[in-house]
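Undergrad: Sending over a structure as structure tokens; questions will come in a sec.
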Amino acid sequence: FSFPGQPTKSCEELQNDGIEGDADVVSQCAILPTLITPLCGCQPVVGAPSAQQASPTTVAPLPTGCSVCGEGKAVTNSDAIFSFPGQPATSCVELQDNGKQGNLSDIQCNLYPTLIAPLCGCQPVVSAPTAQTSPTTVAPFPTEGGCSVCGDGKEVTNADVIFSFPGQPSTSCIELQLNGEQGNLSMNECNIYPTLIAPLCGCQPIFDVSEPGCSVCGVGKEVTNPDA
């Protein structure tokens, strides 16, 4: 499994790191099941209790659908192709349709507005003025609140390293951290940056934090393609 700015690891290595409580992997546990399931062949653990086999609420499909561009916005570059490691390439309009039809998980609905906005040309829907004024999914945090781009209780240690992502301007890790602290990032950006930048920017606990292990495939599931 590979991801921009992160070291390439086999699915088995990811699974073992999660079980053993590796800090970098544990910080990404909310998003990893969505990212690695097709590639790593995540399947229910045989013999696991039924409560564990049930899909965790964080990845259950949204019954009423969502906008992959964020509330009150829509795709304008319909035929642009969005690709992501381990996932099939999909046109922007197909992503939008999947969101509207409720075929995306809660995590995907929260991630896509940040990931696809420049590529898919996400723009406010003219016929929805109330949604344009202050969409909750992309509203910046107030300055006094802000967020840590490394995740709660962590900070950047590789200040001058440059983070780049397709369709986004290149930015140093310290600039990202300052933007987060000053409340200049959206909710979606604050939620996704800890996953995207942790290894590259050297995110480390500000103080010792004891964190339990996790399953990178999600509760009650395990990797079936260990060498992928």
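Ligands are numbered from 1 in the order shown, residues from 1 within each chain, and chains are lettered A, B, ... in the order they appear in the structure tokens.
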Can you pull out every residue within 10 Å of Gly146 in chain A, counting only C-alpha atoms, but drop anything in the same chain fewer than 5 positions away, and send it as a PyMOL selection string?
TA: chain A and resi 140-141+177-187+190
Undergrad: From the set A:Glu175, A:Asp24, A:Asp227, A:Glu222, which residue has the shortest atom-to-atom contact distance to Pro44 in chain A, counting only C-alpha atoms?
TA: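 Nearest candidate to Pro44 in chain A out of A:Glu175, A:Asp24, A:Asp227, A:Glu222: A:Glu222.
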Undergrad: Would you mind listing what lies within 8 Å of Gly18 in chain A as a list in words, with only C-alpha atoms counted and same-chain residues fewer than 2 positions away left out?
TA: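 Once the adjacent positions are removed, what remains is Leu14, Gln15, Asn16, Glu20, Gly21, Asp22, Val25, Val26, Cys29, Gly213, Cys214, Ser215 and Val216 of chain A.
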Undergrad: Would you list the contacts of Gln204 in chain A as a short mmCIF file (atom, residue, chain, number, x, y, z; two decimals) with all heavy atoms, in the first residue's frame, taking every protein, DNA or RNA residue within 7 Å and counting only C-alpha atoms, but skipping same-chain residues closer than 3 positions in sequence?
TA:
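Ended up saving to selection-v7.cif:
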```cif
data_model
loop_
_atom_site.label_atom_id
_atom_site.label_comp_id
_atom_site.auth_asym_id
_atom_site.auth_seq_id
_atom_site.Cartn_x
_atom_site.Cartn_y
_atom_site.Cartn_z
N LYS A 154 -0.08 16.16 19.07
CA LYS A 154 1.13 15.93 18.29
C LYS A 154 1.54 17.20 17.57
O LYS A 154 0.75 18.13 17.40
CB LYS A 154 0.91 14.79 17.27
CG LYS A 154 0.64 13.45 17.92
CD LYS A 154 0.51 12.35 16.88
CE LYS A 154 0.28 10.99 17.53
NZ LYS A 154 0.18 9.90 16.53
N GLU A 155 2.81 17.23 17.12
CA GLU A 155 3.32 18.40 16.41
C GLU A 155 4.34 17.98 15.36
O GLU A 155 4.90 16.88 15.40
CB GLU A 155 3.97 19.38 17.40
CG GLU A 155 5.19 18.81 18.11
CD GLU A 155 5.76 19.78 19.13
OE1 GLU A 155 5.31 20.93 19.18
OE2 GLU A 155 6.66 19.36 19.89
N VAL A 156 4.59 18.88 14.40
CA VAL A 156 5.56 18.67 13.33
C VAL A 156 6.98 18.71 13.88
O VAL A 156 7.31 19.56 14.70
CB VAL A 156 5.39 19.78 12.26
CG1 VAL A 156 6.60 19.86 11.35
CG2 VAL A 156 4.11 19.54 11.46
N THR A 157 7.83 17.77 13.44
CA THR A 157 9.25 17.82 13.82
C THR A 157 10.14 18.06 12.60
O THR A 157 11.30 18.43 12.74
CB THR A 157 9.69 16.52 14.53
OG1 THR A 157 9.52 15.41 13.66
CG2 THR A 157 8.88 16.30 15.80
#
```
Undergrad: With only C-alpha atoms as the counted atoms, please give the residues lying no more than 8 Å from Ala198 in chain A, apart from itself and same-chain residues fewer than 4 positions off, as a ChimeraX atom specification.
TA: /A:6,24,150,193-194,202-203
Undergrad: Would you mind telling me which residue in A:Val46, A:Cys173, A:Ile36, A:Gly102 lies nearest to Lys9 in chain A when using only C-alpha atoms?
TA: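 For Lys9 in chain A, the nearest of the given residues is A:Ile36.
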Undergrad: For Gln123 in chain A, list every protein, DNA or RNA residue within 10 Å, evaluated using only C-alpha atoms, and leave out those in the same chain fewer than 4 positions away; present the list as a list in words.
TA: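 Those residues are Cys69, Gly70, Gly72, Lys73, Ala74, Val75, Thr76, Asn77, Ala117, Pro118 and Gln132 of chain A.
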Undergrad: Grab the residues selected above and save them as a compact mmCIF listing (two decimals), in the first residue's frame with C-alpha atoms.
TA:
```txt
# COMPACT_ATOMS: atom_id res chain seq x y z
CA CYS A 69 -17.73 18.48 -3.08
CA GLY A 70 -19.14 19.49 0.28
CA GLY A 72 -23.97 23.32 -1.25
CA LYS A 73 -21.33 22.57 -3.90
CA ALA A 74 -21.21 20.50 -7.09
CA VAL A 75 -18.73 19.12 -9.63
CA THR A 76 -18.04 21.32 -12.69
CA ASN A 77 -15.28 19.18 -14.30
CA ALA A 117 -12.08 20.06 -4.99
CA PRO A 118 -9.33 21.40 -7.33
CA GLN A 132 -23.39 28.79 0.09
```
Undergrad: Could you jot down the CA of Thr37 in chain A to CA of Val223 in chain A separation for me, Å, one decimal place?
TA: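 These atoms are spaced 8.3 Å apart.
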Undergrad: To one decimal place in Å, what is the distance between CA of Leu39 in chain A and CA of Asn110 in chain A?
TA: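 Computing it gives 21.0 Å between the two atoms.
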